[in-house]
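start29.cif follows; it contains mmCIF, C-alpha atoms.
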data_query
loop_
_atom_site.label_atom_id
_atom_site.label_comp_id
_atom_site.auth_asym_id
_atom_site.auth_seq_id
_atom_site.Cartn_x
_atom_site.Cartn_y
_atom_site.Cartn_z
CA MET A 1 13.74 24.05 39.26
CA ARG A 2 16.04 26.32 37.27
CA ARG A 3 19.07 24.31 38.41
CA ARG A 4 17.38 21.10 37.20
CA THR A 5 16.64 22.64 33.79
CA HIS A 6 20.25 23.84 33.60
CA ARG A 7 21.55 20.34 34.47
CA LYS A 8 19.31 18.80 31.79
CA GLU A 9 20.63 21.28 29.22
CA VAL A 10 24.23 20.47 30.20
CA THR A 11 23.53 16.72 29.79
CA LYS A 12 21.87 17.38 26.43
CA GLN A 13 24.86 19.37 25.18
CA ALA A 14 27.28 16.69 26.44
CA VAL A 15 25.33 13.94 24.63
CA LEU A 16 25.16 16.04 21.46
CA ALA A 17 28.91 16.63 21.64
CA GLU A 18 29.56 12.91 22.05
CA LEU A 19 27.25 12.09 19.13
CA GLU A 20 29.00 14.70 17.03
CA SER A 21 32.38 13.12 17.81
CA LEU A 22 30.90 9.73 16.86
CA ARG A 23 29.65 11.22 13.60
CA GLN A 24 33.11 12.57 12.81
CA GLY A 25 34.81 9.33 13.85
CA ARG A 26 36.78 11.10 16.60
CA HIS A 27 35.13 9.24 19.47
CA SER A 28 37.34 7.22 21.84
CA ARG A 29 35.36 4.14 20.83
CA TYR A 30 37.06 4.26 17.45
CA ARG A 31 40.53 4.44 19.00
CA THR A 32 40.38 0.85 20.24
CA LEU A 33 41.67 -1.94 18.03
CA VAL A 34 38.17 -3.32 17.45
CA GLY A 35 36.83 0.19 16.80
CA ARG A 36 39.48 0.92 14.19
CA PHE A 37 38.89 -2.47 12.60
CA ALA A 38 35.12 -1.88 12.44
CA ARG A 39 35.56 1.39 10.56
CA CYS A 40 38.49 0.52 8.30
CA ARG A 41 37.49 -1.29 5.11
CA ARG A 42 41.17 -1.89 4.24
CA LEU A 43 41.85 -3.64 7.55
CA GLN A 44 38.72 -5.76 7.05
CA ALA A 45 39.75 -6.65 3.48
CA THR A 46 43.27 -7.50 4.66
CA ALA A 47 41.95 -9.76 7.40
CA ALA A 48 39.58 -11.48 4.96
CA LEU A 49 42.44 -12.04 2.47
CA PHE A 50 44.71 -13.35 5.21
CA ALA A 51 42.01 -15.76 6.46
CA ALA A 52 41.39 -16.98 2.90
CA ALA A 53 45.14 -17.45 2.36
CA VAL A 54 45.48 -19.47 5.58
CA GLU A 55 42.54 -21.66 4.54
CA ALA A 56 43.99 -22.18 1.06
CA THR A 57 47.38 -23.07 2.54
CA THR A 58 45.74 -25.58 4.86
CA ARG A 59 44.10 -27.26 1.87
CA THR A 60 47.34 -27.24 -0.18
CA HIS A 61 49.46 -28.70 2.62
CA ASN A 62 46.93 -31.21 3.81
CA GLY A 63 49.60 -33.81 4.54
CA THR A 64 50.78 -35.57 7.68
CA PRO A 65 52.52 -33.17 10.03
CA LEU A 66 56.16 -34.01 10.64
CA ALA A 67 57.27 -34.84 14.10
CA ALA A 68 58.79 -31.88 15.86
CA PRO A 69 62.60 -32.00 16.18
CA PRO A 70 63.83 -33.01 19.61
CA GLY A 71 63.69 -30.15 22.06
CA CYS A 72 60.98 -28.23 20.17
CA LEU A 73 57.44 -27.74 21.19
CA PRO A 74 54.92 -29.79 19.13
CA PRO A 75 52.89 -27.72 16.64
CA VAL A 76 49.56 -26.48 17.89
CA SER A 77 46.78 -27.59 15.53
CA MET B 78 42.66 -16.56 49.63
CA ALA B 79 45.40 -19.05 50.43
CA HIS B 80 48.34 -19.39 48.03
CA GLY B 81 48.15 -22.83 46.48
CA SER B 82 50.07 -23.81 43.37
CA GLY B 83 51.62 -20.40 43.04
CA LEU B 84 49.92 -19.70 39.69
CA LEU B 85 48.46 -16.23 39.24
CA LEU B 86 45.43 -15.28 37.19
CA PRO B 87 46.09 -12.47 34.72
CA ARG B 88 44.60 -9.11 35.69
CA LEU B 89 41.65 -8.06 33.52
CA ALA B 90 41.15 -4.63 35.06
CA ASP B 91 42.14 -2.68 31.96
CA ILE B 92 40.43 -4.90 29.41
CA PRO B 93 37.01 -3.60 28.23
CA PRO B 94 34.44 -6.28 29.17
CA ILE B 95 32.23 -5.60 26.12
CA HIS B 96 33.16 -5.00 22.50
CA ARG B 97 30.48 -3.89 20.10
CA MET B 98 31.07 -4.53 16.42
CA VAL B 99 29.19 -1.93 14.40
CA ALA B 100 30.03 -1.96 10.71
CA ASP B 101 28.29 1.33 9.88
CA ASP B 102 26.35 3.26 12.48
CA HIS B 103 26.35 6.57 10.60
CA LEU B 104 22.53 6.68 10.23
CA ALA B 105 21.98 5.59 13.82
CA VAL B 106 24.29 8.37 15.04
CA MET B 107 22.49 10.95 12.87
CA LEU B 108 19.08 9.78 14.07
CA ALA B 109 20.16 9.80 17.73
CA LYS B 110 21.46 13.35 17.26
CA SER B 111 18.21 14.54 15.65
CA LEU B 112 16.16 12.93 18.43
CA VAL B 113 18.19 14.72 21.12
CA GLU B 114 17.97 18.04 19.27
CA LEU B 115 14.18 17.66 18.95
CA ASN B 116 13.84 16.76 22.66
CA ILE B 117 12.18 13.51 21.60
CA ALA B 118 15.02 11.55 23.21
CA VAL B 119 15.89 12.00 26.88
CA PRO B 120 19.64 12.79 27.18
CA GLY B 121 19.77 10.86 30.47
CA ASP B 122 19.04 7.68 28.49
CA TRP B 123 22.44 7.94 26.77
CA LYS B 124 24.14 6.38 29.84
CA ARG B 125 21.42 3.73 30.10
CA ALA B 126 22.16 2.87 26.48
CA GLU B 127 25.88 2.56 27.39
CA CYS B 128 26.65 5.27 24.83
CA ASP B 129 25.47 3.06 21.97
CA PRO B 130 23.37 4.96 19.38
CA THR B 131 21.31 1.90 18.38
CA SER B 132 20.37 1.07 22.00
CA PHE B 133 19.67 4.76 22.59
CA ILE B 134 17.23 4.84 19.67
CA ARG B 135 15.53 1.65 20.94
CA ILE B 136 15.08 3.18 24.40
CA THR B 137 13.75 6.41 22.85
CA LEU B 138 11.29 4.53 20.67
CA ASP B 139 10.03 2.55 23.69
CA ARG B 140 9.70 5.74 25.69
CA TRP B 141 7.79 7.44 22.82
CA ILE B 142 5.38 4.50 22.61
CA HIS B 143 4.92 4.57 26.40
CA THR B 144 4.05 8.28 26.40
CA HIS B 145 1.62 7.77 23.52
CA GLY B 146 -0.58 5.12 25.09
CA GLY B 147 1.79 2.13 25.16
CA SER B 148 0.09 0.37 28.08
CA ALA B 149 -3.40 0.71 26.51
CA ILE B 150 -2.01 -0.58 23.19
CA ARG B 151 -0.46 -3.65 24.84
CA HIS B 152 -3.77 -4.37 26.57
CA ARG B 153 -5.51 -5.24 23.30
CA PHE B 154 -2.96 -5.39 20.47
CA LEU B 155 0.13 -7.47 19.71
CA LEU B 156 2.27 -5.01 17.77
CA SER B 157 5.91 -4.21 17.32
CA ALA B 158 7.63 -1.07 16.06
CA GLU B 159 11.10 -0.88 14.62
CA ILE B 160 13.36 1.38 12.60
CA SER B 161 14.95 -0.22 9.58
CA ASN B 162 16.75 0.77 6.38
CA THR B 163 14.34 -1.34 4.29
CA PRO B 164 10.52 -1.10 4.23
CA CYS B 165 10.13 -4.80 4.95
CA GLU B 166 12.30 -7.72 5.99
CA TRP B 167 13.06 -9.04 2.49
CA ALA B 168 13.15 -5.80 0.52
CA GLU B 169 16.48 -4.70 -0.85
CA ARG B 170 17.95 -1.43 0.27
CA ASP B 171 17.49 1.46 -2.18
CA GLU B 172 21.12 2.48 -2.82
CA THR B 173 19.99 5.70 -4.52
CA ARG B 174 18.62 6.86 -1.14
CA PRO B 175 21.39 6.07 1.33
CA ASN B 176 19.86 8.27 4.05
CA GLN B 177 16.39 6.73 4.01
CA LEU B 178 15.05 4.93 7.08
CA PHE B 179 11.62 3.47 7.81
CA LEU B 180 9.60 3.42 11.00
CA ILE B 181 7.59 0.23 10.70
CA VAL B 182 4.63 -1.12 12.66
CA GLU B 183 3.47 -4.70 12.27
CA PRO B 184 1.97 -7.51 14.36
CA SER B 185 4.56 -8.91 16.77
CA GLU B 186 3.07 -12.40 16.56
CA ALA B 187 1.17 -14.36 13.95
CA THR B 188 -2.10 -13.62 15.69
CA CYS B 189 -4.26 -10.54 16.12
CA GLY B 190 -6.51 -8.81 18.61
CA CYS B 191 -10.27 -9.30 18.49
CA VAL B 192 -13.35 -7.19 19.15
CA THR B 193 -16.97 -8.38 19.38
CA PHE B 194 -19.49 -5.78 18.26
CA GLY B 195 -22.75 -7.71 18.77
CA PRO B 196 -23.69 -6.73 22.38
CA THR B 197 -22.66 -3.09 21.79
CA LEU B 198 -24.73 -2.80 18.61
CA LYS B 199 -27.81 -4.11 20.45
CA LEU B 200 -27.30 -1.48 23.13
CA LEU B 201 -26.92 1.33 20.60
CA GLU B 202 -29.90 0.18 18.54
CA LYS B 203 -32.20 0.87 21.49
CA VAL B 204 -31.22 4.55 21.37
CA ASN B 205 -31.24 5.13 17.62
CA LEU B 206 -31.59 2.73 14.68
CA GLN B 207 -28.67 4.30 12.81
CA LEU B 208 -26.35 4.47 15.80
CA PRO B 209 -24.93 0.90 15.49
CA ALA B 210 -23.83 1.38 11.85
CA THR B 211 -22.45 4.82 12.69
CA PHE B 212 -20.47 3.48 15.66
CA PHE B 213 -19.09 0.56 13.64
CA ARG B 214 -18.03 2.75 10.72
CA VAL B 215 -16.48 5.43 12.92
CA PHE B 216 -14.52 2.87 14.94
CA VAL B 217 -13.29 0.71 12.07
CA GLY B 218 -12.70 3.71 9.78
CA ALA B 219 -10.57 5.51 12.38
CA LEU B 220 -8.45 2.45 13.12
CA ASN B 221 -8.16 1.40 9.48
CA ARG B 222 -6.30 4.62 8.75
CA TRP B 223 -3.35 3.18 10.67
CA LEU B 224 -3.81 -0.58 11.02
CA ARG B 225 -5.57 -3.27 9.05
CA VAL B 226 -8.86 -4.35 10.62
CA TYR B 227 -10.40 -7.56 9.28
CA ASP B 228 -14.19 -7.09 9.25
CA PHE B 229 -17.30 -8.43 7.52
CA ARG B 230 -16.29 -6.82 4.21
CA ASP B 231 -13.05 -8.82 4.07
CA ALA B 232 -14.98 -11.92 5.12
CA ALA B 233 -17.62 -11.38 2.39
CA GLU B 234 -14.86 -11.04 -0.21
CA ARG B 235 -13.19 -14.24 1.03
CA ALA B 236 -16.48 -16.15 1.04
CA GLU B 237 -17.07 -15.03 -2.57
CA THR B 238 -13.60 -16.27 -3.59
CA LEU B 239 -14.22 -19.61 -1.85
CA ARG B 240 -17.57 -19.90 -3.63
CA GLU B 241 -15.89 -19.29 -7.01
CA TRP B 242 -13.23 -21.92 -6.28
CA ALA B 243 -15.83 -24.43 -5.14
CA ALA B 244 -17.94 -23.83 -8.25
CA GLN B 245 -15.08 -25.17 -10.38
CA GLU B 246 -15.09 -28.50 -8.54
CA ASP B 247 -17.23 -31.49 -9.44
CA ASP B 248 -18.48 -31.86 -5.88
CA ALA B 249 -19.25 -28.15 -5.40
CA ASP B 250 -22.21 -28.89 -3.12
CA GLN B 251 -19.91 -30.66 -0.65
CA TYR B 252 -18.18 -27.43 0.34
CA GLU B 253 -19.44 -25.58 3.38
CA ILE B 254 -18.82 -21.88 2.98
CA PRO B 255 -19.38 -19.54 5.96
CA ASP B 256 -22.63 -17.57 5.68
CA VAL B 257 -21.19 -14.09 6.06
CA GLN B 258 -24.33 -12.26 4.92
CA GLY B 259 -26.35 -14.15 7.53
CA ALA B 260 -23.91 -13.10 10.26
CA ILE B 261 -24.23 -9.37 9.55
CA PRO B 262 -26.82 -7.77 11.89
CA ALA B 263 -29.61 -5.87 10.11
CA CYS B 264 -28.69 -2.66 12.00
CA ILE B 265 -25.29 -2.58 10.25
CA ARG B 266 -27.04 -2.28 6.87
CA GLN B 267 -28.63 1.00 7.97
CA GLY B 268 -27.11 4.23 6.68
CA ALA B 269 -24.68 5.93 9.07
CA LEU B 270 -25.44 9.29 10.67
CA ASP B 271 -23.42 12.23 9.42
CA GLU B 272 -21.43 14.41 11.83
CA SER B 273 -24.22 16.92 12.61
CA GLU B 274 -26.85 14.19 12.99
CA LEU B 275 -24.56 12.31 15.33
CA ALA B 276 -23.96 15.46 17.43
CA HIS B 277 -27.74 15.94 17.62
CA VAL B 278 -28.36 12.32 18.69
CA LYS B 279 -25.45 12.39 21.16
CA ASP B 280 -26.95 15.25 23.13
CA ARG B 281 -30.14 13.25 23.70
CA ILE B 282 -28.57 10.01 24.99
CA ASN B 283 -29.63 9.18 28.55
CA ASP B 284 -27.83 5.86 28.95
CA PRO B 285 -24.40 6.71 30.45
CA LEU B 286 -22.62 3.74 28.83
CA VAL B 287 -24.03 4.54 25.38
CA ALA B 288 -23.06 8.20 25.83
CA LYS B 289 -19.52 7.17 26.82
CA LEU B 290 -19.24 4.77 23.89
CA ILE B 291 -20.27 7.45 21.40
CA GLN B 292 -18.02 10.10 22.97
CA SER B 293 -15.06 7.71 22.91
CA ALA B 294 -15.70 6.73 19.28
CA ILE B 295 -15.84 10.40 18.25
CA ALA B 296 -12.62 11.08 20.20
CA LEU B 297 -10.99 8.10 18.47
CA ASP B 298 -12.00 9.44 15.06
CA ARG B 299 -10.62 12.91 15.88
CA MET B 300 -7.37 11.47 17.15
CA SER B 301 -6.98 9.32 14.04
CA ALA B 302 -7.45 12.36 11.78
CA GLN B 303 -4.71 14.38 13.49
CA ALA B 304 -2.08 13.17 11.06
CA LYS B 305 -2.01 11.86 7.55
CA ARG B 306 -0.64 8.44 6.83
CA PRO B 307 2.52 8.90 4.69
CA GLU B 308 2.07 8.01 1.07
CA ILE B 309 4.21 5.20 -0.22
CA SER B 310 6.28 6.28 -3.22
CA GLU B 311 6.47 4.25 -6.42
CA GLU B 312 10.03 3.12 -5.54
CA ILE B 313 8.98 1.83 -2.13
CA GLY B 314 5.88 0.27 -3.71
CA GLN B 315 8.17 -1.68 -6.04
CA GLN B 316 10.23 -2.91 -3.07
CA LEU B 317 7.00 -4.26 -1.58
CA SER B 318 5.61 -5.69 -4.81
CA ASP B 319 6.32 -9.31 -3.82
CA CYS B 320 4.71 -8.97 -0.40
CA ASN B 321 1.33 -10.26 0.75
CA PRO B 322 -1.19 -7.69 2.06
CA PRO B 323 -0.57 -6.54 5.64
CA LEU B 324 -1.57 -8.94 8.40
CA PRO B 325 -4.76 -7.80 10.18
CA CYS B 326 -4.08 -6.39 13.64
CA LEU B 327 -7.70 -6.61 14.76
CA LEU B 328 -10.51 -8.99 13.91
CA ALA B 329 -13.94 -7.33 14.15
CA VAL B 330 -16.71 -9.91 14.63
CA PHE B 331 -20.35 -9.60 15.62
CA ALA B 332 -20.38 -12.74 17.77
CA GLU B 333 -17.74 -15.15 18.99
CA SER B 334 -16.91 -17.82 16.35
CA ASP B 335 -19.30 -16.32 13.78
CA ALA B 336 -18.94 -16.57 9.98
CA ILE B 337 -16.55 -13.60 9.93
CA ALA B 338 -14.23 -15.39 12.38
CA ALA B 339 -14.55 -18.56 10.29
CA CYS B 340 -13.51 -16.72 7.10
CA PHE B 341 -10.62 -15.10 8.97
CA ASP B 342 -9.39 -18.47 10.28
CA GLU B 343 -9.54 -19.92 6.77
CA GLU B 344 -7.81 -16.94 5.15
CA ALA B 345 -5.20 -16.71 7.93
CA GLN B 346 -3.74 -20.05 6.84
CA GLY B 347 -2.29 -18.41 3.73
CA MET B 348 -1.50 -14.95 5.08
CA MET B 349 2.10 -15.86 5.93
CA GLU B 350 2.88 -17.84 2.77
CA VAL B 351 4.64 -14.77 1.42
CA THR B 352 6.13 -12.06 3.64
CA PRO B 353 3.31 -9.63 4.47
CA GLU B 354 3.67 -5.90 4.04
CA PRO B 355 3.98 -4.04 7.36
CA ASN B 356 0.79 -2.30 8.55
CA LEU B 357 2.41 1.09 8.76
CA ILE B 358 5.52 2.34 6.98
CA ILE B 359 6.80 5.84 7.74
CA PRO B 360 9.79 6.75 5.54
CA PHE B 361 12.09 9.47 6.85
CA ASP B 362 15.56 10.94 6.57
CA PRO B 363 17.48 10.86 9.89
CA THR B 364 19.85 13.58 8.72
CA HIS B 365 16.98 16.11 8.59
CA THR B 366 15.44 17.01 11.94
CA GLU B 367 12.19 18.14 10.23
CA SER B 368 11.79 14.74 8.65
CA VAL B 369 12.46 12.98 11.99
CA ARG B 370 9.98 15.27 13.77
CA ASP B 371 7.27 14.57 11.17
CA ALA B 372 7.87 10.81 11.33
CA PHE B 373 7.67 10.71 15.13
CA HIS B 374 4.58 12.95 15.10
CA VAL B 375 2.81 10.61 12.67
CA PHE B 376 3.94 7.61 14.70
CA GLY B 377 2.67 9.28 17.90
CA VAL B 378 -0.77 9.87 16.36
CA ALA B 379 -0.89 6.25 15.18
CA CYS B 380 -0.01 5.05 18.71
CA GLU B 381 -2.60 7.29 20.35
CA THR B 382 -5.25 6.17 17.86
CA ILE B 383 -4.56 2.51 18.65
CA ALA B 384 -4.57 3.30 22.38
CA ALA B 385 -7.91 5.12 22.01
CA ALA B 386 -9.35 2.13 20.11
CA SER B 387 -8.16 -0.16 22.90
CA LYS B 388 -9.99 2.01 25.46
CA VAL B 389 -13.19 1.98 23.37
CA ILE B 390 -13.04 -1.84 23.28
CA ASP B 391 -12.65 -1.82 27.08
CA LEU B 392 -16.02 -0.04 27.26
CA MET B 393 -17.76 -2.37 24.81
CA PRO B 394 -19.71 -5.15 26.57
CA GLY B 395 -18.65 -8.74 25.85
CA ASN B 396 -14.97 -8.01 25.21
CA ASP B 397 -13.34 -9.00 28.49
CA LYS B 398 -11.90 -12.20 27.07
CA TRP B 399 -9.98 -10.48 24.26
CA VAL B 400 -7.45 -8.84 26.55
CA VAL B 401 -3.96 -9.85 25.41
CA GLY B 402 -1.76 -7.91 27.85
CA THR B 403 -1.84 -6.54 31.37
#

Would you give me this structure, written as structure tokens?
Amino acid sequence: MRRRTHRKEVTKQAVLAELESLRQGRHSRYRTLVGRFARCRRLQATAALFAAAVEATTRTHNGTPLAAPPGCLPPVS
Amino acid sequence: MAHGSGLLLPRLADIPPIHRMVADDHLAVMLAKSLVELNIAVPGDWKRAECDPTSFIRITLDRWIHTHGGSAIRHRFLLSAEISNTPCEWAERDETRPNQLFLIVEPSEATCGCVTFGPTLKLLEKVNLQLPATFFRVFVGALNRWLRVYDFRDAAERAETLREWAAQEDDADQYEIPDVQGAIPACIRQGALDESELAHVKDRINDPLVAKLIQSAIALDRMSAQAKRPEISEEIGQQLSDCNPPLPCLLAVFAESDAIAACFDEEAQGMMEVTPEPNLIIPFDPTHTESVRDAFHVFGVACETIAAASKVIDLMPGNDKWVVGT
């Protein structure tokens, strides 16, 4: 019985520690590329600007694509 | 496997199979932490939630409902509970209170539970003339503290509105308005017994079903009074100003398809025209454990009150067909 209570307390402390690291942004989840992206407003703003720029460029250069020079791979649409 | 074309599939062993995109889970993390500290959440659920604070809170909320009469609630009521950062779906978030969350209870579907009082009132009337009105008021009063019950008073108000509208028409006599007053049993118009009178009458009841009904109604009333419904501040009131009244969670009729049911059916057609206010809104601050404890205590009392009401309906004759869950 006592061992079970002790194990529960250990689990509780481990969960609290993990939640605390999440609160402070130190959790391993935030070390992944997606995790960093989700928390970084600058990265998100950069990506949004880049996407908008690509879209604008597509509209500006909405002409017929030139044939690829011999020996080159054709452009991927 | 035989080697065919010689092509190899790339190894995916080190690639995480799931990516969760959470823009800002600060409040969810704080709430999860408070729930663990208060022993409301079960730490073992953290793995079940795959270490995701939002899933962890969902599991904890489900567990809390289960331990506070969840199965009895589902037997008679179609409700849902959620935690949100706005008091209703269309309200805007109050930026001056970044740490405010709301525990919300509302009907899960655009329909509500039903209870028929007629056969029970007849049974109670045989014991004491004031017992039916007392039972009705105790039951509806206790439940109304937490959920909206649509009863003969709402129906009478609706019938009056319909009468006023019809009076403005040229063919006013062509409108058939439900006779709510005619559907109200005479015993309901009796005065209700006060607490000491009820205790006196209760001790002299010989019919076991009547005794059980009265005991259960008193227990329901006591349970309901164990917490106070949180007051809605002026700011939250403003956020809800464009909402319709809450959807009723229980329709209290005297007989199946009576005038009260008819008024409800008529009024129900417009209840969803504008987003309705939730039935119960419990504001709290997840960064303060006291606030989280109070919110979950209030929510627990609300759940147990609804569960107790469901059990009273189980005892009431003529209500077998209104079961909505297993």

Note to self: Nearest residue to chain B out of A:Thr5, A:Val34, A:Arg26, A:Ala52, using only C-alpha atoms?
What the structure shows: A:Val34

Next item on the list: Using all atoms listed in the file, find which residues of chain A lie within 9 Å of chain B and jot them down as a PyMOL selection string.
Entry: chain A and resi 8-9+11-16+18-20+22-23+34-35+37-39

Item checked: Ground truth for the PyMOL selection byres ((chain B and resi 236) around 10), written as a list in words -> Arg230, Asp231, Ala232, Ala233, Glu234, Arg235, Glu237, Thr238, Leu239, Arg240, Glu241, Trp242, Ile254, Pro255, Asp256, Val257, Gln258, Ala336, Ile337, Ala339, Cys340, Phe341, Glu343 and Glu344 of chain B

Next item on the list: For the file shown, report as JSON, numbers by chain the outcome of the PyMOL selection byres ((chain B and resi 198) around 12) at residue level.
Entry: {"B": [193, 194, 195, 196, 197, 199, 200, 201, 202, 203, 204, 205, 206, 207, 208, 209, 210, 211, 212, 213, 214, 261, 262, 263, 264, 265, 266, 267, 287, 290, 291, 330, 331, 332, 393, 394, 395]}

Output for the residues just chosen: C-alpha atoms as a CSV table (one decimal), in the coordinates of the input:
chain,number,residue,atom,x,y,z
B,193,THR,CA,-17.0,-8.4,19.4
B,194,PHE,CA,-19.5,-5.8,18.3
B,195,GLY,CA,-22.8,-7.7,18.8
B,196,PRO,CA,-23.7,-6.7,22.4
B,197,THR,CA,-22.7,-3.1,21.8
B,199,LYS,CA,-27.8,-4.1,20.4
B,200,LEU,CA,-27.3,-1.5,23.1
B,201,LEU,CA,-26.9,1.3,20.6
B,202,GLU,CA,-29.9,0.2,18.5
B,203,LYS,CA,-32.2,0.9,21.5
B,204,VAL,CA,-31.2,4.6,21.4
B,205,ASN,CA,-31.2,5.1,17.6
B,206,LEU,CA,-31.6,2.7,14.7
B,207,GLN,CA,-28.7,4.3,12.8
B,208,LEU,CA,-26.4,4.5,15.8
B,209,PRO,CA,-24.9,0.9,15.5
B,210,ALA,CA,-23.8,1.4,11.8
B,211,THR,CA,-22.4,4.8,12.7
B,212,PHE,CA,-20.5,3.5,15.7
B,213,PHE,CA,-19.1,0.6,13.6
B,214,ARG,CA,-18.0,2.8,10.7
B,261,ILE,CA,-24.2,-9.4,9.6
B,262,PRO,CA,-26.8,-7.8,11.9
B,263,ALA,CA,-29.6,-5.9,10.1
B,264,CYS,CA,-28.7,-2.7,12.0
B,265,ILE,CA,-25.3,-2.6,10.2
B,266,ARG,CA,-27.0,-2.3,6.9
B,267,GLN,CA,-28.6,1.0,8.0
B,287,VAL,CA,-24.0,4.5,25.4
B,290,LEU,CA,-19.2,4.8,23.9
B,291,ILE,CA,-20.3,7.4,21.4
B,330,VAL,CA,-16.7,-9.9,14.6
B,331,PHE,CA,-20.4,-9.6,15.6
B,332,ALA,CA,-20.4,-12.7,17.8
B,393,MET,CA,-17.8,-2.4,24.8
B,394,PRO,CA,-19.7,-5.2,26.6
B,395,GLY,CA,-18.6,-8.7,25.8

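Picture a line from CA of Ala126 (chain B) to CA of Cys380 (chain B); it runs 23.6 Å.
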
How big is the axis-aligned box around the listed atoms of region 129-141 of chain B once 4 Å is added on each side, and where is its centre? Give both in Å to one decimal, as AutoDock Vina command-line options.
--center_x 16.6 --center_y 4.3 --center_z 22.0 --size_x 25.7 --size_y 14.4 --size_z 15.3

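Atom pair CA of Leu115 (chain B) / CA of Val369 (chain B) has a distance of 8.6 Å (rounded to one decimal).
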
Margin query: Report, in Å to a single decimal, how far apart CA of Phe229 (chain B) and CA of Glu186 (chain B) are.
Written below: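 About the pair CA of Glu186 (chain B) and CA of Phe229 (chain B): they are 22.6 Å apart.
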
Apply the PyMOL selection byres ((chain B and resi 382-391) around 9) to the displayed file and report the matching residues as a compact mmCIF listing (two decimals) with C-alpha atoms, in the coordinates of the input.
# COMPACT_ATOMS: atom_id res chain seq x y z
CA HIS B 145 1.62 7.77 23.52
CA GLY B 146 -0.58 5.12 25.09
CA GLY B 147 1.79 2.13 25.16
CA SER B 148 0.09 0.37 28.08
CA ALA B 149 -3.40 0.71 26.51
CA ILE B 150 -2.01 -0.58 23.19
CA ARG B 151 -0.46 -3.65 24.84
CA HIS B 152 -3.77 -4.37 26.57
CA ARG B 153 -5.51 -5.24 23.30
CA PHE B 154 -2.96 -5.39 20.47
CA VAL B 192 -13.35 -7.19 19.15
CA THR B 193 -16.97 -8.38 19.38
CA PHE B 216 -14.52 2.87 14.94
CA ALA B 219 -10.57 5.51 12.38
CA LEU B 220 -8.45 2.45 13.12
CA TRP B 223 -3.35 3.18 10.67
CA LEU B 224 -3.81 -0.58 11.02
CA LYS B 289 -19.52 7.17 26.82
CA LEU B 290 -19.24 4.77 23.89
CA SER B 293 -15.06 7.71 22.91
CA ALA B 294 -15.70 6.73 19.28
CA ALA B 296 -12.62 11.08 20.20
CA LEU B 297 -10.99 8.10 18.47
CA ASP B 298 -12.00 9.44 15.06
CA ARG B 299 -10.62 12.91 15.88
CA MET B 300 -7.37 11.47 17.15
CA SER B 301 -6.98 9.32 14.04
CA ALA B 302 -7.45 12.36 11.78
CA GLY B 377 2.67 9.28 17.90
CA VAL B 378 -0.77 9.87 16.36
CA ALA B 379 -0.89 6.25 15.18
CA CYS B 380 -0.01 5.05 18.71
CA GLU B 381 -2.60 7.29 20.35
CA LEU B 392 -16.02 -0.04 27.26
CA MET B 393 -17.76 -2.37 24.81
CA PRO B 394 -19.71 -5.15 26.57
CA ASN B 396 -14.97 -8.01 25.21
CA ASP B 397 -13.34 -9.00 28.49
CA VAL B 400 -7.45 -8.84 26.55

Check: Residues at most 9 Å from Leu138 (chain B), counting all atoms listed in the file, excluding those fewer than 2 positions away in the same chain, as an MDAnalysis selection string?
Finding: chainID B and resid 118 133:136 140:143 158:160

Margin query: Can you tell me which residues surround Leu328 (chain B) at a distance of at most 6 Å, considering only C-alpha atoms, apart from same-chain residues fewer than 3 positions away, and format the answer as number ranges by chain?
Written below: B: 191, 226-227

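Residue nearest Pro360 (chain B) within the list B:Arg125, B:Arg306, B:Arg222, B:Lys398: B:Arg306 [criterion: smallest interatomic distance, all atoms listed in the file].
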
Item checked: Counting only C-alpha atoms, the residue of B:Gly190, B:Val215, B:Asp171, B:Cys326 that sits nearest Ala269 (chain B) -> B:Val215
